[in-house]
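Structure data (TSV, C-alpha atoms and all ligand atoms) from upload-v7.tsv:
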chain	number	residue	atom	x	y	z
A	263	MET	CA	152.88	157.43	157.33
A	264	SER	CA	156.13	155.49	157.57
A	265	ILE	CA	156.45	152.12	155.88
A	266	GLY	CA	159.33	151.27	158.14
A	267	TRP	CA	162.22	150.40	155.84
A	268	ARG	CA	165.87	151.15	156.60
A	269	SER	CA	167.30	154.62	156.21
A	270	PRO	CA	168.59	155.29	152.67
A	271	ARG	CA	171.87	156.41	154.23
A	272	ARG	CA	172.57	152.87	155.41
A	273	VAL	CA	172.11	151.00	152.16
A	274	ARG	CA	173.97	150.90	148.85
A	275	SER	CA	172.87	153.05	145.91
A	276	LEU	CA	171.59	150.77	143.16
A	277	PRO	CA	171.20	153.42	140.41
A	278	ASN	CA	174.98	153.77	140.19
A	279	ALA	CA	175.33	150.02	139.67
A	280	TYR	CA	172.34	149.24	137.48
A	281	GLY	CA	170.64	152.37	136.12
A	282	GLY	CA	167.90	154.46	137.57
A	283	TRP	CA	164.71	152.48	136.98
A	284	ALA	CA	163.29	149.16	138.14
A	285	VAL	CA	160.10	147.38	137.10
A	286	VAL	CA	158.19	145.42	139.75
A	287	ALA	CA	155.39	143.28	138.31
A	288	GLY	CA	152.93	142.25	141.00
A	289	ALA	CA	153.75	145.21	143.21
A	290	SER	CA	150.39	145.93	144.82
A	291	GLU	CA	150.93	143.72	147.88
A	292	GLY	CA	153.04	140.97	149.40
A	293	LEU	CA	156.59	140.38	148.29
A	294	GLY	CA	156.20	142.71	145.30
A	295	SER	CA	155.45	145.74	147.44
A	296	ALA	CA	158.35	144.76	149.71
A	297	PHE	CA	160.69	144.54	146.70
A	298	ALA	CA	159.47	147.96	145.57
A	299	ALA	CA	160.16	149.49	148.97
A	300	GLN	CA	163.62	147.93	149.18
A	301	LEU	CA	164.48	149.23	145.72
A	302	ALA	CA	163.19	152.71	146.60
A	303	VAL	CA	165.28	152.73	149.78
A	304	ARG	CA	168.28	152.24	147.53
A	305	GLY	CA	167.30	155.12	145.26
A	306	MET	CA	165.67	153.30	142.34
A	307	ASP	CA	162.82	154.95	140.47
A	308	LEU	CA	160.00	152.48	139.95
A	309	VAL	CA	157.43	151.23	137.48
A	310	LEU	CA	154.82	149.39	139.55
A	311	VAL	CA	152.57	146.87	137.77
A	312	ALA	CA	149.43	145.11	139.02
A	313	ARG	CA	145.66	145.08	138.48
A	314	ARG	CA	144.47	147.07	141.52
A	315	PRO	CA	145.03	150.77	140.92
A	316	GLN	CA	144.13	151.86	144.46
A	317	LEU	CA	146.82	149.72	146.08
A	318	LEU	CA	149.39	150.85	143.53
A	319	ALA	CA	148.46	154.50	144.08
A	320	GLU	CA	148.81	154.14	147.86
A	321	LEU	CA	152.21	152.47	147.52
A	322	LYS	CA	153.33	155.14	145.07
A	323	GLU	CA	152.35	157.88	147.51
A	324	GLN	CA	154.24	156.19	150.36
A	325	LEU	CA	157.40	155.61	148.34
A	326	ILE	CA	157.51	159.17	147.05
A	327	ALA	CA	156.92	160.59	150.53
A	328	GLU	CA	159.51	158.34	152.20
A	329	TYR	CA	162.27	158.23	149.61
A	330	GLY	CA	161.65	160.96	147.03
A	331	VAL	CA	161.92	158.52	144.14
A	332	GLU	CA	159.91	158.76	140.93
A	333	VAL	CA	157.12	156.18	140.66
A	334	ARG	CA	154.86	155.26	137.76
A	335	CYS	CA	151.88	152.95	138.14
A	336	VAL	CA	150.82	150.75	135.24
A	337	VAL	CA	147.54	148.92	135.72
A	338	LEU	CA	147.76	145.70	133.73
A	339	ASP	CA	146.38	142.17	133.83
A	340	LEU	CA	149.42	139.96	133.31
A	341	ALA	CA	147.13	137.09	132.31
A	342	ASP	CA	146.19	139.03	129.18
A	343	PRO	CA	148.92	138.71	126.54
A	344	ALA	CA	148.14	142.23	125.38
A	345	PHE	CA	149.91	143.50	128.51
A	346	ALA	CA	153.32	143.11	126.88
A	347	GLU	CA	152.87	145.94	124.42
A	348	ALA	CA	151.52	148.26	127.13
A	349	LEU	CA	154.44	147.38	129.39
A	350	ALA	CA	156.97	148.07	126.64
A	351	ASP	CA	155.32	151.44	126.03
A	352	ALA	CA	155.39	152.25	129.75
A	353	VAL	CA	159.17	151.76	130.01
A	354	ALA	CA	160.16	153.23	126.66
A	355	GLY	CA	163.06	155.62	127.12
A	356	LEU	CA	163.69	154.74	130.78
A	357	ASP	CA	167.15	153.83	132.07
A	358	LEU	CA	166.02	150.36	133.10
A	359	GLY	CA	168.35	148.06	135.04
A	360	ILE	CA	166.29	145.83	137.33
A	361	VAL	CA	163.20	143.72	136.65
A	362	VAL	CA	161.27	141.85	139.34
A	363	TYR	CA	158.46	139.56	138.17
A	364	ASN	CA	156.74	138.74	141.44
A	365	ALA	CA	153.18	138.41	140.13
A	366	ALA	CA	151.71	134.98	140.64
A	367	PHE	CA	148.42	133.14	140.58
A	368	THR	CA	148.58	130.56	143.35
A	369	PRO	CA	145.13	129.06	144.05
A	370	VAL	CA	144.70	127.16	147.29
A	371	GLY	CA	142.94	123.79	147.41
A	372	PRO	CA	143.15	120.20	146.22
A	373	PHE	CA	144.94	120.14	142.85
A	374	LEU	CA	142.80	117.33	141.45
A	375	GLU	CA	139.69	119.46	141.96
A	376	ALA	CA	141.13	122.55	140.30
A	377	PRO	CA	138.86	123.80	137.52
A	378	ASP	CA	140.28	124.32	134.02
A	379	GLU	CA	140.05	128.11	134.44
A	380	GLU	CA	142.41	127.99	137.42
A	381	ILE	CA	144.95	125.90	135.51
A	382	SER	CA	144.78	128.32	132.58
A	383	GLN	CA	145.12	131.36	134.83
A	384	ALA	CA	148.18	129.83	136.52
A	385	VAL	CA	149.83	129.19	133.15
A	386	ASP	CA	148.93	132.65	131.88
A	387	VAL	CA	150.30	134.58	134.87
A	388	ASN	CA	153.08	132.28	136.05
A	389	VAL	CA	154.47	130.90	132.78
A	390	ARG	CA	153.49	133.00	129.76
A	391	GLY	CA	153.53	136.28	131.73
A	392	PRO	CA	157.22	136.31	132.67
A	393	LEU	CA	158.28	135.29	129.18
A	394	LEU	CA	156.23	138.06	127.56
A	395	ALA	CA	157.46	140.53	130.16
A	396	LEU	CA	161.06	139.57	129.48
A	397	ARG	CA	160.63	139.96	125.74
A	398	ALA	CA	159.00	143.36	126.25
A	399	LEU	CA	161.67	144.60	128.66
A	400	VAL	CA	164.90	143.16	127.27
A	401	PRO	CA	165.24	145.85	124.59
A	402	GLY	CA	165.69	148.34	127.44
A	403	LEU	CA	168.37	146.17	129.06
A	404	VAL	CA	170.52	144.89	126.21
A	405	ASN	CA	172.95	147.78	126.21
A	406	ARG	CA	173.53	147.67	129.94
A	407	ILE	CA	176.82	146.32	131.24
A	408	THR	CA	175.00	144.98	134.27
A	409	ALA	CA	171.31	144.16	134.75
A	410	VAL	CA	169.38	142.15	137.29
A	411	LEU	CA	166.36	139.93	136.62
A	412	MET	CA	164.40	138.49	139.51
A	413	GLY	CA	161.54	136.02	139.46
A	414	ARG	CA	160.62	133.42	136.91
A	415	LEU	CA	162.05	135.38	134.04
A	416	LEU	CA	163.91	132.55	132.27
A	417	PRO	CA	166.53	129.97	133.13
A	418	ARG	CA	169.77	131.62	134.12
A	419	LYS	CA	171.79	130.71	131.04
A	420	ALA	CA	169.13	131.91	128.63
A	421	ALA	CA	168.89	135.26	130.40
A	422	ILE	CA	172.64	135.67	130.34
A	423	ARG	CA	172.77	134.87	126.63
A	424	LEU	CA	170.09	137.46	126.00
A	425	ILE	CA	171.49	140.32	127.98
A	426	GLY	CA	175.19	139.79	128.56
A	427	ARG	CA	177.64	138.03	130.80
A	428	ASN	CA	177.27	140.51	133.64
A	429	THR	CA	173.54	139.97	133.96
A	430	ARG	CA	172.45	138.50	137.25
A	431	HIS	CA	169.34	136.34	137.32
A	432	LEU	CA	168.00	135.71	140.79
A	433	THR	CA	165.14	133.28	141.39
A	501	LIG	N1	154.83	135.48	150.63
A	501	LIG	C1	155.74	134.53	150.89
A	501	LIG	O1	156.18	134.34	152.04
A	501	LIG	C2	156.29	133.69	149.77
A	501	LIG	C3	157.36	132.82	150.03
A	501	LIG	C4	157.90	132.07	148.99
A	501	LIG	C5	157.35	132.17	147.72
A	501	LIG	N2	156.30	133.00	147.50
A	501	LIG	C6	155.80	133.06	146.14
A	501	LIG	O2	156.04	134.36	145.61
A	501	LIG	C7	154.96	134.73	144.77
A	501	LIG	C8	154.38	136.05	145.24
A	501	LIG	O3	153.95	135.89	146.58
A	501	LIG	P1	153.22	137.07	147.35
A	501	LIG	O4	153.10	136.64	148.76
A	501	LIG	O5	153.89	138.38	147.05
A	501	LIG	O6	151.78	137.01	146.63
A	501	LIG	P2	150.57	138.05	146.75
A	501	LIG	O7	150.64	138.78	148.05
A	501	LIG	O8	149.35	137.28	146.41
A	501	LIG	O9	150.87	139.12	145.59
A	501	LIG	C9	150.77	138.75	144.27
A	501	LIG	C10	150.96	140.00	143.42
A	501	LIG	O10	150.79	139.61	142.07
A	501	LIG	C11	149.83	140.47	141.47
A	501	LIG	N3	149.11	139.73	140.46
A	501	LIG	C12	148.52	138.52	140.58
A	501	LIG	N4	147.90	138.20	139.44
A	501	LIG	C13	148.09	139.24	138.59
A	501	LIG	C14	147.68	139.51	137.27
A	501	LIG	N5	146.91	138.66	136.57
A	501	LIG	N6	148.06	140.68	136.69
A	501	LIG	C15	148.81	141.57	137.38
A	501	LIG	N7	149.23	141.36	138.64
A	501	LIG	C16	148.87	140.21	139.24
A	501	LIG	C17	148.92	140.93	142.60
A	501	LIG	O11	148.38	142.21	142.29
A	501	LIG	P3	146.84	142.47	141.84
A	501	LIG	O12	145.99	141.44	142.51
A	501	LIG	O13	146.60	143.88	142.28
A	501	LIG	O14	146.85	142.34	140.35
A	501	LIG	C18	149.92	141.08	143.73
A	501	LIG	O15	150.54	142.34	143.68
A	501	LIG	C19	153.97	133.56	144.81
A	501	LIG	O16	154.25	132.70	143.73
A	501	LIG	C20	154.30	132.88	146.10
A	501	LIG	O17	153.94	131.51	146.05
A	501	LIG	C21	155.77	133.78	148.48
As structure tokens, the full file:
Amino acid sequence: MSIGWRSPRRVRSLPNAYGGWAVVAGASEGLGSAFAAQLAVRGMDLVLVARRPQLLAELKEQLIAEYGVEVRCVVLDLADPAFAEALADAVAGLDLGIVVYNAAFTPVGPFLEAPDEEISQAVDVNVRGPLLALRALVPGLVNRITAVLMGRLLPRKAAIRLIGRNTRHLT
């Protein structure tokens, strides 16, 4: 089954610029799966993170079949602070150059009626999650001349201070 992205021959190779591996957190659907496919088109091997293993497994199968990249699935709940250690373990030793934190909890409905659990979940996934992910992943990026962070992974200046002047931080 084709997932319909552009031919790898027509797009730039990212591994030469950034290193071979990218992490996409929140990859099981939506923008995250689109980021994963676009990175695979450009030759990046991928660590895919989300809670639903079936969706991750299907995406992994598609990306391997279409682009021949290496793909690892890591089933994690990014609302649980314990995810950071598991994520660090999952990327240990990889030539990591790109991180996309796309995961988000975005409940729909009147804000004033939002229950406390929804507010907490939003803070856990949307605020604490990217900071913990960054702290877990930065050790794999610090020696890179160039790295790319995408998502809510920190204000631009802080990310640049952490990783180096050639780091790009796209929001
Ligand atoms: N789609 C758009 O057109 C658009 C435009 C502008 C901005 N945005 C923003 O971009 C963000 C992502 O949008 P989207 O459309 O890609 O959302 P989505 O389709 O709902 O996907 C969210 C992703 O995050 C993962 N996720 C959510 N909670 C998680 C958790 N606790 N642990 C691990 N993974 C978790 C989900 O995977 P699991 O459920 O499998 O865990 C899923 O892969 C949102 O903040 C949205 O507001 C979207």
Determine, using all atoms listed in the file, which residues of chain A have any atom at most 10 Å from an atom of ligand LIG 501 (chain A), and tabulate each with its shortest atom pair and distance in Å to one decimal place, rows ordered by chain and then rising number, as JSON lines.
{"residue": "A:Val286", "atom": "CA", "partner": "A:LIG501", "partner_atom": "O15", "distance": 9.1}
{"residue": "A:Ala287", "atom": "CA", "partner": "A:LIG501", "partner_atom": "N7", "distance": 6.5}
{"residue": "A:Gly288", "atom": "CA", "partner": "A:LIG501", "partner_atom": "O10", "distance": 3.6}
{"residue": "A:Ala289", "atom": "CA", "partner": "A:LIG501", "partner_atom": "O15", "distance": 4.3}
{"residue": "A:Ser290", "atom": "CA", "partner": "A:LIG501", "partner_atom": "O15", "distance": 3.8}
{"residue": "A:Glu291", "atom": "CA", "partner": "A:LIG501", "partner_atom": "O15", "distance": 4.4}
{"residue": "A:Gly292", "atom": "CA", "partner": "A:LIG501", "partner_atom": "O7", "distance": 3.5}
{"residue": "A:Leu293", "atom": "CA", "partner": "A:LIG501", "partner_atom": "O5", "distance": 3.6}
{"residue": "A:Gly294", "atom": "CA", "partner": "A:LIG501", "partner_atom": "O5", "distance": 5.2}
{"residue": "A:Ser295", "atom": "CA", "partner": "A:LIG501", "partner_atom": "O15", "distance": 7.1}
{"residue": "A:Ala296", "atom": "CA", "partner": "A:LIG501", "partner_atom": "O5", "distance": 8.2}
{"residue": "A:Phe297", "atom": "CA", "partner": "A:LIG501", "partner_atom": "O5", "distance": 9.2}
{"residue": "A:Leu310", "atom": "CA", "partner": "A:LIG501", "partner_atom": "O15", "distance": 9.2}
{"residue": "A:Val311", "atom": "CA", "partner": "A:LIG501", "partner_atom": "N7", "distance": 6.5}
{"residue": "A:Ala312", "atom": "CA", "partner": "A:LIG501", "partner_atom": "N7", "distance": 3.8}
{"residue": "A:Arg313", "atom": "CA", "partner": "A:LIG501", "partner_atom": "O14", "distance": 3.5}
{"residue": "A:Arg314", "atom": "CA", "partner": "A:LIG501", "partner_atom": "O13", "distance": 3.9}
{"residue": "A:Pro315", "atom": "CA", "partner": "A:LIG501", "partner_atom": "O13", "distance": 7.2}
{"residue": "A:Gln316", "atom": "CA", "partner": "A:LIG501", "partner_atom": "O13", "distance": 8.6}
{"residue": "A:Leu317", "atom": "CA", "partner": "A:LIG501", "partner_atom": "O13", "distance": 7.0}
{"residue": "A:Leu318", "atom": "CA", "partner": "A:LIG501", "partner_atom": "O13", "distance": 7.6}
{"residue": "A:Val336", "atom": "CA", "partner": "A:LIG501", "partner_atom": "C15", "distance": 9.6}
{"residue": "A:Val337", "atom": "CA", "partner": "A:LIG501", "partner_atom": "C15", "distance": 7.6}
{"residue": "A:Leu338", "atom": "CA", "partner": "A:LIG501", "partner_atom": "C15", "distance": 5.6}
{"residue": "A:Asp339", "atom": "CA", "partner": "A:LIG501", "partner_atom": "N6", "distance": 3.6}
{"residue": "A:Leu340", "atom": "CA", "partner": "A:LIG501", "partner_atom": "N6", "distance": 3.7}
{"residue": "A:Ala341", "atom": "CA", "partner": "A:LIG501", "partner_atom": "N5", "distance": 4.5}
{"residue": "A:Asp342", "atom": "CA", "partner": "A:LIG501", "partner_atom": "N5", "distance": 7.4}
{"residue": "A:Phe345", "atom": "CA", "partner": "A:LIG501", "partner_atom": "N6", "distance": 8.8}
{"residue": "A:Tyr363", "atom": "CA", "partner": "A:LIG501", "partner_atom": "O10", "distance": 8.6}
{"residue": "A:Asn364", "atom": "CA", "partner": "A:LIG501", "partner_atom": "C8", "distance": 5.2}
{"residue": "A:Ala365", "atom": "CA", "partner": "A:LIG501", "partner_atom": "O10", "distance": 3.3}
{"residue": "A:Ala366", "atom": "CA", "partner": "A:LIG501", "partner_atom": "O16", "distance": 4.6}
{"residue": "A:Phe367", "atom": "CA", "partner": "A:LIG501", "partner_atom": "N4", "distance": 5.2}
{"residue": "A:Thr368", "atom": "CA", "partner": "A:LIG501", "partner_atom": "O16", "distance": 6.1}
{"residue": "A:Pro369", "atom": "CA", "partner": "A:LIG501", "partner_atom": "O17", "distance": 9.4}
{"residue": "A:Gln383", "atom": "CA", "partner": "A:LIG501", "partner_atom": "N5", "distance": 7.7}
{"residue": "A:Ala384", "atom": "CA", "partner": "A:LIG501", "partner_atom": "N4", "distance": 8.9}
{"residue": "A:Asp386", "atom": "CA", "partner": "A:LIG501", "partner_atom": "N5", "distance": 7.9}
{"residue": "A:Val387", "atom": "CA", "partner": "A:LIG501", "partner_atom": "N5", "distance": 5.6}
{"residue": "A:Asn388", "atom": "CA", "partner": "A:LIG501", "partner_atom": "O16", "distance": 7.8}
{"residue": "A:Gly391", "atom": "CA", "partner": "A:LIG501", "partner_atom": "N5", "distance": 8.5}
{"residue": "A:Gly413", "atom": "CA", "partner": "A:LIG501", "partner_atom": "O2", "distance": 8.4}
{"residue": "A:Arg414", "atom": "CA", "partner": "A:LIG501", "partner_atom": "O16", "distance": 9.4}
query = So which residues are close to (163.6, 153.0, 144.6), meaning at most 12 Å away in the file's coordinates with only C-alpha atoms counted, and can you show them as a PyMOL selection string?
reply = chain A and resi 267+270+273-277+280-286+295-310+321-322+324-334+359-360
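As for CA of Gly371 in chain A and CA of Arg390 in chain A, they are spaced 22.5 Å apart.
Between CA of Ala346 in chain A and CA of Arg397 in chain A the separation is 8.0 Å.
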query = Expressed in Å to a single decimal, how great is the separation between CA of Ala279 in chain A and CA of Leu349 in chain A?
reply =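 CA of Ala279 in chain A sits 23.4 Å away from CA of Leu349 in chain A.
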With 3 Å of padding per side, what axis-aligned box (centre and edge lengths, Å, one decimal) covers all the listed atoms of range 327-342 of chain A? Give it as AutoDock Vina command-line options.
--center_x 154.2 --center_y 149.0 --center_z 140.7 --size_x 22.1 --size_y 29.9 --size_z 29.0
query = With only C-alpha atoms as the atoms that count, which of A:Glu320, A:Glu347, A:Asp357, A:Asp378 lies nearest to Leu403 in chain A?
reply =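 Between A:Glu320, A:Glu347, A:Asp357, A:Asp378, the residue approaching Leu403 in chain A most closely is A:Asp357.
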